[in-house]
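J.: Sharing model15.pdb, PDB, C-alpha atoms, pLDDT in the B column:
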ATOM      1  CA  MET A   1      42.571  60.739 137.898  1.00 54.00           C
ATOM      2  CA  GLY A   2      40.291  61.566 140.791  1.00 64.00           C
ATOM      3  CA  ALA A   3      38.509  64.829 141.415  1.00 73.00           C
ATOM      4  CA  GLU A   4      40.857  65.829 144.255  1.00 78.00           C
ATOM      5  CA  GLU A   5      43.967  65.273 142.158  1.00 77.00           C
ATOM      6  CA  ARG A   6      42.523  67.228 139.239  1.00 77.00           C
ATOM      7  CA  GLU A   7      41.577  70.054 141.607  1.00 81.00           C
ATOM      8  CA  ARG A   8      45.105  70.184 142.998  1.00 80.00           C
ATOM      9  CA  LYS A   9      47.095  69.739 139.786  1.00 82.00           C
ATOM     10  CA  VAL A  10      44.909  71.502 137.217  1.00 85.00           C
ATOM     11  CA  TYR A  11      42.213  73.704 138.730  1.00 88.00           C
ATOM     12  CA  ARG A  12      44.296  75.424 141.414  1.00 91.00           C
ATOM     13  CA  PRO A  13      47.019  76.621 139.001  1.00 91.00           C
ATOM     14  CA  LEU A  14      44.303  77.950 136.704  1.00 93.00           C
ATOM     15  CA  ARG A  15      42.632  79.757 139.596  1.00 95.00           C
ATOM     16  CA  ARG A  16      45.921  81.459 140.420  1.00 94.00           C
ATOM     17  CA  ALA A  17      45.912  82.667 136.813  1.00 95.00           C
ATOM     18  CA  GLY A  18      42.401  84.087 137.239  1.00 97.00           C
ATOM     19  CA  LEU A  19      40.267  81.289 135.810  1.00 97.00           C
ATOM     20  CA  GLU A  20      37.701  79.667 138.099  1.00 96.00           C
ATOM     21  CA  VAL A  21      36.701  76.228 136.834  1.00 94.00           C
ATOM     22  CA  ILE A  22      32.971  75.455 136.848  1.00 94.00           C
ATOM     23  CA  PRO A  23      32.744  71.638 136.781  1.00 88.00           C
ATOM     24  CA  ASP A  24      30.004  69.701 134.985  1.00 89.00           C
ATOM     25  CA  ALA A  25      28.638  72.749 133.166  1.00 94.00           C
ATOM     26  CA  VAL A  26      29.602  72.506 129.491  1.00 94.00           C
ATOM     27  CA  PRO A  27      26.545  73.279 127.297  1.00 94.00           C
ATOM     28  CA  ASP A  28      25.151  70.389 125.299  1.00 90.00           C
ATOM     29  CA  GLY A  29      25.871  70.338 121.591  1.00 89.00           C
ATOM     30  CA  VAL A  30      29.229  72.130 121.710  1.00 92.00           C
ATOM     31  CA  MET A  31      31.479  71.003 118.885  1.00 92.00           C
ATOM     32  CA  PRO A  32      34.281  68.864 120.339  1.00 92.00           C
ATOM     33  CA  PHE A  33      37.090  70.290 118.229  1.00 91.00           C
ATOM     34  CA  VAL A  34      37.816  73.236 115.931  1.00 93.00           C
ATOM     35  CA  GLY A  35      40.389  72.898 113.174  1.00 90.00           C
ATOM     36  CA  GLY A  36      40.896  73.355 109.456  1.00 90.00           C
ATOM     37  CA  TYR A  37      39.677  76.953 109.509  1.00 89.00           C
ATOM     38  CA  SER A  38      40.660  79.340 106.743  1.00 87.00           C
ATOM     39  CA  ALA A  39      41.653  83.001 106.702  1.00 85.00           C
ATOM     40  CA  ALA A  40      38.124  83.843 105.579  1.00 88.00           C
ATOM     41  CA  ASP A  41      36.787  82.554 108.918  1.00 91.00           C
ATOM     42  CA  ALA A  42      38.951  84.916 110.993  1.00 92.00           C
ATOM     43  CA  VAL A  43      37.322  87.979 112.557  1.00 94.00           C
ATOM     44  CA  GLY A  44      40.341  89.420 114.313  1.00 95.00           C
ATOM     45  CA  GLY A  45      43.673  88.613 115.846  1.00 96.00           C
ATOM     46  CA  PHE A  46      47.177  89.793 116.614  1.00 96.00           C
ATOM     47  CA  SER A  47      50.803  88.663 116.680  1.00 96.00           C
ATOM     48  CA  HIS A  48      53.720  89.687 118.876  1.00 97.00           C
ATOM     49  CA  PRO A  49      57.361  88.615 118.482  1.00 97.00           C
ATOM     50  CA  TYR A  50      59.068  87.311 121.614  1.00 96.00           C
ATOM     51  CA  ASP A  51      61.275  90.397 121.881  1.00 96.00           C
ATOM     52  CA  THR A  52      58.247  92.696 122.233  1.00 97.00           C
ATOM     53  CA  PRO A  53      58.689  94.999 125.276  1.00 97.00           C
ATOM     54  CA  ARG A  54      56.302  94.079 128.115  1.00 97.00           C
ATOM     55  CA  LEU A  55      55.356  90.965 126.147  1.00 98.00           C
ATOM     56  CA  VAL A  56      53.080  89.338 128.739  1.00 98.00           C
ATOM     57  CA  GLU A  57      51.253  92.600 129.444  1.00 98.00           C
ATOM     58  CA  ARG A  58      50.762  93.307 125.744  1.00 98.00           C
ATOM     59  CA  LEU A  59      49.487  89.770 125.145  1.00 98.00           C
ATOM     60  CA  ASN A  60      47.054  90.034 128.047  1.00 98.00           C
ATOM     61  CA  GLU A  61      45.759  93.420 126.908  1.00 98.00           C
ATOM     62  CA  ASP A  62      45.244  92.327 123.312  1.00 98.00           C
ATOM     63  CA  TRP A  63      43.700  88.981 124.298  1.00 98.00           C
ATOM     64  CA  TYR A  64      41.139  90.706 126.511  1.00 98.00           C
ATOM     65  CA  GLU A  65      40.295  93.264 123.841  1.00 98.00           C
ATOM     66  CA  LEU A  66      39.835  90.497 121.253  1.00 98.00           C
ATOM     67  CA  ALA A  67      37.750  88.424 123.659  1.00 98.00           C
ATOM     68  CA  VAL A  68      35.417  91.324 124.441  1.00 98.00           C
ATOM     69  CA  SER A  69      35.095  92.535 120.854  1.00 97.00           C
ATOM     70  CA  THR A  70      34.270  89.071 119.490  1.00 97.00           C
ATOM     71  CA  GLY A  71      31.908  88.037 122.294  1.00 97.00           C
ATOM     72  CA  LEU A  72      33.917  85.271 123.975  1.00 98.00           C
ATOM     73  CA  PHE A  73      32.482  86.062 127.427  1.00 98.00           C
ATOM     74  CA  ASP A  74      28.872  85.799 128.514  1.00 97.00           C
ATOM     75  CA  HIS A  75      27.346  88.246 131.033  1.00 96.00           C
ATOM     76  CA  ARG A  76      29.177  86.459 133.879  1.00 97.00           C
ATOM     77  CA  ARG A  77      32.481  86.404 131.987  1.00 98.00           C
ATOM     78  CA  GLU A  78      32.163  82.663 131.493  1.00 98.00           C
ATOM     79  CA  PHE A  79      33.456  80.737 128.492  1.00 98.00           C
ATOM     80  CA  LEU A  80      35.020  77.404 127.524  1.00 97.00           C
ATOM     81  CA  VAL A  81      38.678  76.460 127.524  1.00 96.00           C
ATOM     82  CA  MET A  82      40.188  73.287 126.112  1.00 93.00           C
ATOM     83  CA  LEU A  83      41.957  71.264 128.797  1.00 88.00           C
ATOM     84  CA  PRO A  84      43.584  67.842 128.614  1.00 78.00           C
ATOM     85  CA  GLN A  85      42.162  64.741 130.154  1.00 65.00           C
ATOM     86  CA  GLY A  86      44.252  63.793 133.152  1.00 49.00           C
ATOM     87  CA  THR A  87      47.235  66.039 133.870  1.00 48.00           C
ATOM     88  CA  ARG A  88      48.985  65.986 130.501  1.00 49.00           C
ATOM     89  CA  THR A  89      50.535  69.417 130.086  1.00 51.00           C
ATOM     90  CA  HIS A  90      50.528  71.658 127.043  1.00 47.00           C
ATOM     91  CA  ALA A  91      54.277  71.124 126.661  1.00 53.00           C
ATOM     92  CA  ALA A  92      53.829  67.351 126.701  1.00 50.00           C
ATOM     93  CA  ALA A  93      51.124  67.596 124.038  1.00 50.00           C
ATOM     94  CA  LEU A  94      53.414  69.674 121.820  1.00 47.00           C
ATOM     95  CA  ARG A  95      56.279  67.233 122.352  1.00 49.00           C
ATOM     96  CA  ASN A  96      54.078  64.268 121.444  1.00 47.00           C
ATOM     97  CA  MET A  97      52.836  66.065 118.327  1.00 44.00           C
ATOM     98  CA  HIS A  98      56.327  66.968 117.143  1.00 40.00           C
ATOM     99  CA  GLU A  99      57.498  63.405 117.730  1.00 43.00           C
ATOM    100  CA  GLY A 100      54.656  62.098 115.587  1.00 45.00           C
ATOM    101  CA  TYR A 101      52.958  60.420 118.543  1.00 45.00           C
ATOM    102  CA  ARG A 102      49.220  60.850 118.146  1.00 49.00           C
ATOM    103  CA  VAL A 103      47.659  58.163 120.359  1.00 47.00           C
ATOM    104  CA  MET A 104      46.818  60.352 123.334  1.00 49.00           C
ATOM    105  CA  PRO A 105      43.667  61.255 125.271  1.00 54.00           C
ATOM    106  CA  PRO A 106      41.821  64.073 123.498  1.00 66.00           C
ATOM    107  CA  ALA A 107      41.456  67.411 125.208  1.00 79.00           C
ATOM    108  CA  LEU A 108      37.985  68.392 126.410  1.00 88.00           C
ATOM    109  CA  TRP A 109      36.076  71.623 126.926  1.00 94.00           C
ATOM    110  CA  THR A 110      35.835  72.917 130.482  1.00 94.00           C
ATOM    111  CA  ARG A 111      33.698  75.850 131.571  1.00 96.00           C
ATOM    112  CA  VAL A 112      35.528  78.664 133.354  1.00 97.00           C
ATOM    113  CA  ARG A 113      34.861  82.142 134.704  1.00 98.00           C
ATOM    114  CA  LEU A 114      37.338  84.999 134.317  1.00 98.00           C
ATOM    115  CA  LEU A 115      37.988  86.474 137.756  1.00 98.00           C
ATOM    116  CA  GLU A 116      38.657  90.125 138.514  1.00 97.00           C
ATOM    117  CA  ARG A 117      42.391  89.553 138.783  1.00 97.00           C
ATOM    118  CA  TRP A 118      43.825  87.433 136.006  1.00 98.00           C
ATOM    119  CA  ASP A 119      47.010  86.791 134.071  1.00 97.00           C
ATOM    120  CA  ILE A 120      46.256  84.440 131.167  1.00 97.00           C
ATOM    121  CA  MET A 121      49.489  84.975 129.232  1.00 97.00           C
ATOM    122  CA  GLY A 122      51.739  84.949 132.298  1.00 96.00           C
ATOM    123  CA  ARG A 123      50.537  82.697 135.096  1.00 95.00           C
ATOM    124  CA  GLY A 124      48.046  80.996 132.798  1.00 94.00           C
ATOM    125  CA  ALA A 125      50.748  79.999 130.335  1.00 94.00           C
ATOM    126  CA  GLY A 126      52.990  79.112 133.264  1.00 92.00           C
ATOM    127  CA  SER A 127      50.335  76.792 134.710  1.00 86.00           C
ATOM    128  CA  ALA A 128      51.463  74.207 132.105  1.00 82.00           C
ATOM    129  CA  PHE A 129      47.907  73.876 130.776  1.00 86.00           C
ATOM    130  CA  LEU A 130      47.571  77.159 128.848  1.00 93.00           C
ATOM    131  CA  GLY A 131      51.094  77.236 127.495  1.00 92.00           C
ATOM    132  CA  VAL A 132      54.705  76.254 128.022  1.00 89.00           C
ATOM    133  CA  HIS A 133      55.718  79.110 130.315  1.00 91.00           C
ATOM    134  CA  ALA A 134      54.988  82.807 130.839  1.00 94.00           C
ATOM    135  CA  GLY A 135      55.000  84.617 127.510  1.00 95.00           C
ATOM    136  CA  HIS A 136      54.710  81.336 125.582  1.00 94.00           C
ATOM    137  CA  PRO A 137      50.958  80.607 125.717  1.00 95.00           C
ATOM    138  CA  GLY A 138      48.997  78.008 123.797  1.00 94.00           C
ATOM    139  CA  PHE A 139      45.268  77.340 124.140  1.00 94.00           C
ATOM    140  CA  GLY A 140      41.854  77.076 122.549  1.00 95.00           C
ATOM    141  CA  MET A 141      38.837  78.966 123.924  1.00 97.00           C
ATOM    142  CA  MET A 142      35.223  79.185 122.805  1.00 97.00           C
ATOM    143  CA  ALA A 143      32.089  81.131 123.735  1.00 97.00           C
ATOM    144  CA  LEU A 144      29.364  79.160 125.525  1.00 96.00           C
ATOM    145  CA  ASP A 145      27.092  79.587 122.500  1.00 94.00           C
ATOM    146  CA  SER A 146      29.911  78.529 120.125  1.00 93.00           C
ATOM    147  CA  SER A 147      29.729  81.907 118.374  1.00 94.00           C
ATOM    148  CA  VAL A 148      33.492  82.433 118.436  1.00 97.00           C
ATOM    149  CA  TYR A 149      36.609  80.340 118.848  1.00 97.00           C
ATOM    150  CA  ILE A 150      39.940  81.887 119.882  1.00 97.00           C
ATOM    151  CA  ILE A 151      43.171  80.035 119.217  1.00 96.00           C
ATOM    152  CA  CYS A 152      46.593  80.973 120.593  1.00 96.00           C
ATOM    153  CA  SER A 153      49.823  79.359 119.470  1.00 92.00           C
ATOM    154  CA  THR A 154      53.533  79.953 119.850  1.00 90.00           C
ATOM    155  CA  GLY A 155      55.793  79.820 116.837  1.00 85.00           C
ATOM    156  CA  GLU A 156      59.509  80.113 116.288  1.00 88.00           C
ATOM    157  CA  ARG A 157      59.461  83.904 116.428  1.00 93.00           C
ATOM    158  CA  GLY A 158      56.428  84.897 118.427  1.00 96.00           C
ATOM    159  CA  VAL A 159      52.872  84.423 119.615  1.00 97.00           C
ATOM    160  CA  ASP A 160      49.874  84.347 117.256  1.00 95.00           C
ATOM    161  CA  VAL A 161      46.268  84.750 118.382  1.00 96.00           C
ATOM    162  CA  PHE A 162      43.171  84.971 116.220  1.00 94.00           C
ATOM    163  CA  ALA A 163      39.430  84.464 116.413  1.00 97.00           C
ATOM    164  CA  VAL A 164      37.177  82.322 114.222  1.00 96.00           C
ATOM    165  CA  ALA A 165      33.534  83.402 113.933  1.00 94.00           C
ATOM    166  CA  HIS A 166      30.800  80.736 114.134  1.00 94.00           C
ATOM    167  CA  PRO A 167      33.138  77.766 113.599  1.00 95.00           C
ATOM    168  CA  TYR A 168      30.160  75.380 113.401  1.00 94.00           C
ATOM    169  CA  ARG A 169      29.071  77.159 110.214  1.00 93.00           C
ATOM    170  CA  SER A 170      32.461  77.112 108.508  1.00 94.00           C
ATOM    171  CA  ALA A 171      32.572  74.779 105.515  1.00 93.00           C
ATOM    172  CA  GLU A 172      36.320  74.345 106.022  1.00 94.00           C
ATOM    173  CA  VAL A 173      35.950  73.450 109.702  1.00 94.00           C
ATOM    174  CA  LEU A 174      33.122  71.000 109.024  1.00 94.00           C
ATOM    175  CA  ARG A 175      35.069  69.380 106.210  1.00 94.00           C
ATOM    176  CA  HIS A 176      38.024  68.949 108.534  1.00 91.00           C
ATOM    177  CA  LEU A 177      35.840  67.395 111.246  1.00 92.00           C
ATOM    178  CA  GLU A 178      34.343  64.945 108.769  1.00 92.00           C
ATOM    179  CA  TRP A 179      37.848  63.962 107.720  1.00 91.00           C
ATOM    180  CA  LEU A 180      38.911  63.455 111.327  1.00 88.00           C
ATOM    181  CA  ALA A 181      35.818  61.403 112.150  1.00 89.00           C
ATOM    182  CA  GLY A 182      36.497  59.028 109.278  1.00 87.00           C
ATOM    183  CA  TYR A 183      40.262  58.950 109.556  1.00 74.00           C
ATOM    184  CA  ASP A 184      41.014  55.404 110.702  1.00 71.00           C
ATOM    185  CA  ASN A 185      44.670  54.596 111.355  1.00 63.00           C
ATOM    186  CA  PRO A 186      46.751  53.049 114.166  1.00 62.00           C
ATOM    187  CA  TYR A 187      47.786  56.511 115.397  1.00 60.00           C
ATOM    188  CA  GLY A 188      44.301  58.014 115.622  1.00 66.00           C
ATOM    189  CA  ASN A 189      42.359  58.186 118.885  1.00 78.00           C
ATOM    190  CA  PRO A 190      39.083  56.193 118.649  1.00 84.00           C
ATOM    191  CA  GLU A 191      37.416  58.177 121.430  1.00 84.00           C
ATOM    192  CA  PHE A 192      38.270  61.448 119.699  1.00 85.00           C
ATOM    193  CA  ARG A 193      36.804  60.209 116.403  1.00 88.00           C
ATOM    194  CA  ARG A 194      33.641  58.976 118.129  1.00 89.00           C
ATOM    195  CA  ARG A 195      33.076  62.356 119.776  1.00 90.00           C
ATOM    196  CA  ILE A 196      33.408  64.156 116.470  1.00 92.00           C
ATOM    197  CA  ALA A 197      31.191  61.667 114.611  1.00 93.00           C
ATOM    198  CA  ALA A 198      28.493  61.956 117.286  1.00 93.00           C
ATOM    199  CA  TRP A 199      28.511  65.742 117.099  1.00 94.00           C
ATOM    200  CA  LEU A 200      28.350  65.728 113.303  1.00 94.00           C
ATOM    201  CA  ALA A 201      25.401  63.337 113.394  1.00 92.00           C
ATOM    202  CA  GLY A 202      23.601  65.308 116.105  1.00 89.00           C
ATOM    203  CA  ARG A 203      23.947  68.699 114.433  1.00 82.00           C
ATOM    204  CA  ARG A 204      21.825  67.460 111.529  1.00 59.00           C
ATOM    205  CA  GLU A 205      18.860  67.016 113.861  1.00 48.00           C
ATOM    206  CA  PRO A 206      17.015  70.282 114.710  1.00 43.00           C
ATOM    207  CA  ALA A 207      15.935  68.901 118.086  1.00 40.00           C
ATOM    208  CA  THR A 208      19.557  68.819 119.259  1.00 39.00           C
ATOM    209  CA  ALA A 209      20.285  72.456 118.504  1.00 40.00           C
ATOM    210  CA  GLU A 210      19.233  73.853 121.880  1.00 43.00           C
ATOM    211  CA  ALA A 211      22.054  74.278 124.378  1.00 43.00           C
ATOM    212  CA  GLY A 212      21.618  72.970 127.887  1.00 44.00           C
ATOM    213  CA  THR A 213      23.915  71.789 130.627  1.00 46.00           C
ATOM    214  CA  GLY A 214      26.110  68.788 130.036  1.00 48.00           C
ATOM    215  CA  ALA A 215      26.934  66.002 132.426  1.00 41.00           C
ATOM    216  CA  GLY A 216      30.644  66.748 132.633  1.00 47.00           C
ATOM    217  CA  ASP A 217      33.576  68.849 131.596  1.00 56.00           C
ATOM    218  CA  GLY A 218      33.603  67.173 128.205  1.00 49.00           C
ATOM    219  CA  VAL A 219      31.209  67.145 125.280  1.00 42.00           C
TER     220      VAL A 219
END
Can you present the structure in this file as structure tokens?

T.:
Amino acid sequence: MGAEERERKVYRPLRRAGLEVIPDAVPDGVMPFVGGYSAADAVGGFSHPYDTPRLVERLNEDWYELAVSTGLFDHRREFLVMLPQGTRTHAAALRNMHEGYRVMPPALWTRVRLLERWDIMGRGAGSAFLGVHAGHPGFGMMALDSSVYIICSTGERGVDVFAVAHPYRSAEVLRHLEWLAGYDNPYGNPEFRRRIAAWLAGRREPATAEAGTGAGDGV
């Protein structure tokens, strides 16, 4: 997909939700995926059932409070959000997962800035890239320095959001990444495994610890 198509189909809907995409600016050394975390890694979070009054407003308020308290934003309110390669929507990713289809392009980090007017849980979720529709969000976000990861998911009864502190230090997260990097089967994505393996190898070298500016939206 070309830059113009991605701008039209992905970036513009996100901008309407209050997220300005900053292309080609992901810091070097950012872990490509966060998973396998345990309750001990959590530093905050909240849950709201779907029948909560003013659901979208409550979700937005609590997300912002969690983001500020855990340090998701830098001084310019910039952070990372996980977006799919191409224009595969969040709903399509969920459908593929539930159908057991796992050969799909991995999502990548993209740097964004939170604008003055925003609606992450409403328009953001309705953009098709941060959820299924308004009030049914789903996304992964991380601070530029990787100090916190915030995950949002929709379940059968409501929305769950929680933050993981320093995911790159978590033994559970690292163990999960090592498993993913070595997990070779016909359903796995080779590119995804290579990204994880490269990050795991690089993090063992002190010279790679400094964060800079990457060459693209991905890691």

J.: Could you state which residues are captured by the PyMOL selection byres ((chain A and resi 195) around 10) in this file, as a list of chain:residue names?

T.: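 This file gives the following for the PyMOL selection byres ((chain A and resi 195) around 10): A:Met31, A:Pro32, A:Phe33, A:Pro106, A:Ala181, A:Pro190, A:Glu191, A:Phe192, A:Arg193, A:Arg194, A:Ile196, A:Ala197, A:Ala198, A:Trp199, A:Leu200, A:Gly218, A:Val219.
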
J.: Specify as a VMD selection string each residue included when the PyMOL selection byres ((chain A and resi 121) around 10) is applied to this file.

T.: chain A and resid 17 55 to 61 63 118 to 120 122 to 127 130 to 131 133 to 138 152

J.: Emit the selected residues as a tab-separated table (two decimals), keeping the file's coordinate frame, including C-alpha atoms.

T.:
chain	number	residue	atom	x	y	z
A	17	ALA	CA	45.91	82.67	136.81
A	55	LEU	CA	55.36	90.96	126.15
A	56	VAL	CA	53.08	89.34	128.74
A	57	GLU	CA	51.25	92.60	129.44
A	58	ARG	CA	50.76	93.31	125.74
A	59	LEU	CA	49.49	89.77	125.14
A	60	ASN	CA	47.05	90.03	128.05
A	61	GLU	CA	45.76	93.42	126.91
A	63	TRP	CA	43.70	88.98	124.30
A	118	TRP	CA	43.82	87.43	136.01
A	119	ASP	CA	47.01	86.79	134.07
A	120	ILE	CA	46.26	84.44	131.17
A	122	GLY	CA	51.74	84.95	132.30
A	123	ARG	CA	50.54	82.70	135.10
A	124	GLY	CA	48.05	81.00	132.80
A	125	ALA	CA	50.75	80.00	130.34
A	126	GLY	CA	52.99	79.11	133.26
A	127	SER	CA	50.34	76.79	134.71
A	130	LEU	CA	47.57	77.16	128.85
A	131	GLY	CA	51.09	77.24	127.50
A	133	HIS	CA	55.72	79.11	130.32
A	134	ALA	CA	54.99	82.81	130.84
A	135	GLY	CA	55.00	84.62	127.51
A	136	HIS	CA	54.71	81.34	125.58
A	137	PRO	CA	50.96	80.61	125.72
A	138	GLY	CA	49.00	78.01	123.80
A	152	CYS	CA	46.59	80.97	120.59

J.: Taking the file as I've supplied it (selection: the PyMOL selection byres ((chain A and resi 37) around 9)), which residues are included? Please answer as an MDAnalysis selection string.

T.: chainID A and resid 34:36 38:42 164 167 170:174 176

J.: Would you compute the distance between atom CA of Phe139 of chain A and atom CA of Val161 of chain A? Give it in Å to one decimal.

T.: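 These two atoms are separated by 9.4 Å.
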
J.: Between A:Phe73, A:Arg12, A:Glu5, A:Pro23, which is the closest to Trp109 of chain A once you count only C-alpha atoms?

T.: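 Once distances to Trp109 of chain A are computed over only C-alpha atoms, the minimum belongs to A:Pro23.
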
J.: Just want the 6 Å neighbourhood of Gly18 of chain A, counted on all atoms listed in the file, with same-chain residues fewer than 6 positions away dropped. Output as JSON, numbers by chain.

T.: {"A": [114, 115, 117, 118]}

J.: Quick one: write out the picked residues with C-alpha atoms as an mmCIF file, in the coordinates of the input?

T.:
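Okay, this is what ended up in part_36.cif:
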data_model
loop_
_atom_site.group_PDB
_atom_site.id
_atom_site.type_symbol
_atom_site.label_atom_id
_atom_site.label_comp_id
_atom_site.auth_asym_id
_atom_site.auth_seq_id
_atom_site.Cartn_x
_atom_site.Cartn_y
_atom_site.Cartn_z
ATOM 1 C CA LEU A 114 37.338 84.999 134.317
ATOM 2 C CA LEU A 115 37.988 86.474 137.756
ATOM 3 C CA ARG A 117 42.391 89.553 138.783
ATOM 4 C CA TRP A 118 43.825 87.433 136.006
#

J.: Measuring atom to atom with only C-alpha atoms, identify which of A:Arg169, A:Tyr183, A:Arg111, A:Leu83 is nearest to Arg203 of chain A.

T.: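 When distances to Arg203 of chain A are compared using only C-alpha atoms, the smallest one comes from A:Arg169.
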
J.: For a test of reading the model, state the distance in Å between atom CA of Met141 of chain A and atom CA of Glu4 of chain A, rounded to one decimal.

T.: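 According to the coordinates, atom CA of Met141 of chain A and atom CA of Glu4 of chain A are separated by 24.3 Å.
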
J.: So that I can check the surroundings of Leu66 of chain A, please list as a list in words every protein, DNA and RNA residue that reaches within 10 Å of it, counting all atoms listed in the file and ignoring chain neighbours fewer than 3 positions away.

T.: Val43, Gly44, Gly45, Phe46, Asn60, Glu61, Asp62, Trp63, Ser69, Thr70, Gly71, Leu72, Ile150, Val161, Phe162 and Ala163 of chain A

J.: Keeping only C-alpha atoms, write those residues as a compact mmCIF listing (two decimals), in the frame of the given file.

T.:
# COMPACT_ATOMS: atom_id res chain seq x y z
CA VAL A 43 37.32 87.98 112.56
CA GLY A 44 40.34 89.42 114.31
CA GLY A 45 43.67 88.61 115.85
CA PHE A 46 47.18 89.79 116.61
CA ASN A 60 47.05 90.03 128.05
CA GLU A 61 45.76 93.42 126.91
CA ASP A 62 45.24 92.33 123.31
CA TRP A 63 43.70 88.98 124.30
CA SER A 69 35.10 92.54 120.85
CA THR A 70 34.27 89.07 119.49
CA GLY A 71 31.91 88.04 122.29
CA LEU A 72 33.92 85.27 123.98
CA ILE A 150 39.94 81.89 119.88
CA VAL A 161 46.27 84.75 118.38
CA PHE A 162 43.17 84.97 116.22
CA ALA A 163 39.43 84.46 116.41

J.: Taking into account all atoms listed in the file, which residue in the set A:Val10, A:Val68, A:Leu108, A:Ala25 is nearest to Gly140 of chain A?

T.: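 Using all atoms listed in the file, the shortest distance to Gly140 of chain A belongs to A:Leu108.
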
J.: Using all atoms listed in the file, can you tell me which of A:Gly29, A:Glu20, A:Tyr168, A:Leu144 comes closest to Phe79 of chain A?

T.: A:Leu144

J.: Could you state the separation of atom CA of His48 of chain A and atom CA of Arg157 of chain A in Å, given to one decimal place?

T.: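 These atoms are spaced 8.5 Å apart.
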
J.: Which one is closest to Arg6 of chain A: A:Val21, A:Arg54, A:Asp145, A:His166? Count all atoms listed in the file.

T.: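 Of A:Val21, A:Arg54, A:Asp145, A:His166, the one nearest Arg6 of chain A, counting all atoms listed in the file, is A:Val21.
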
J.: Can you sort out the box for segment 163-181 of chain A, edges along x, y and z, all listed atoms in, 8 Å on every side, with centre and edge lengths in Å to one decimal, as AutoDock Vina command-line options?

T.:
--center_x 34.3 --center_y 72.9 --center_z 111.0 --size_x 26.4 --size_y 39.1 --size_z 26.9
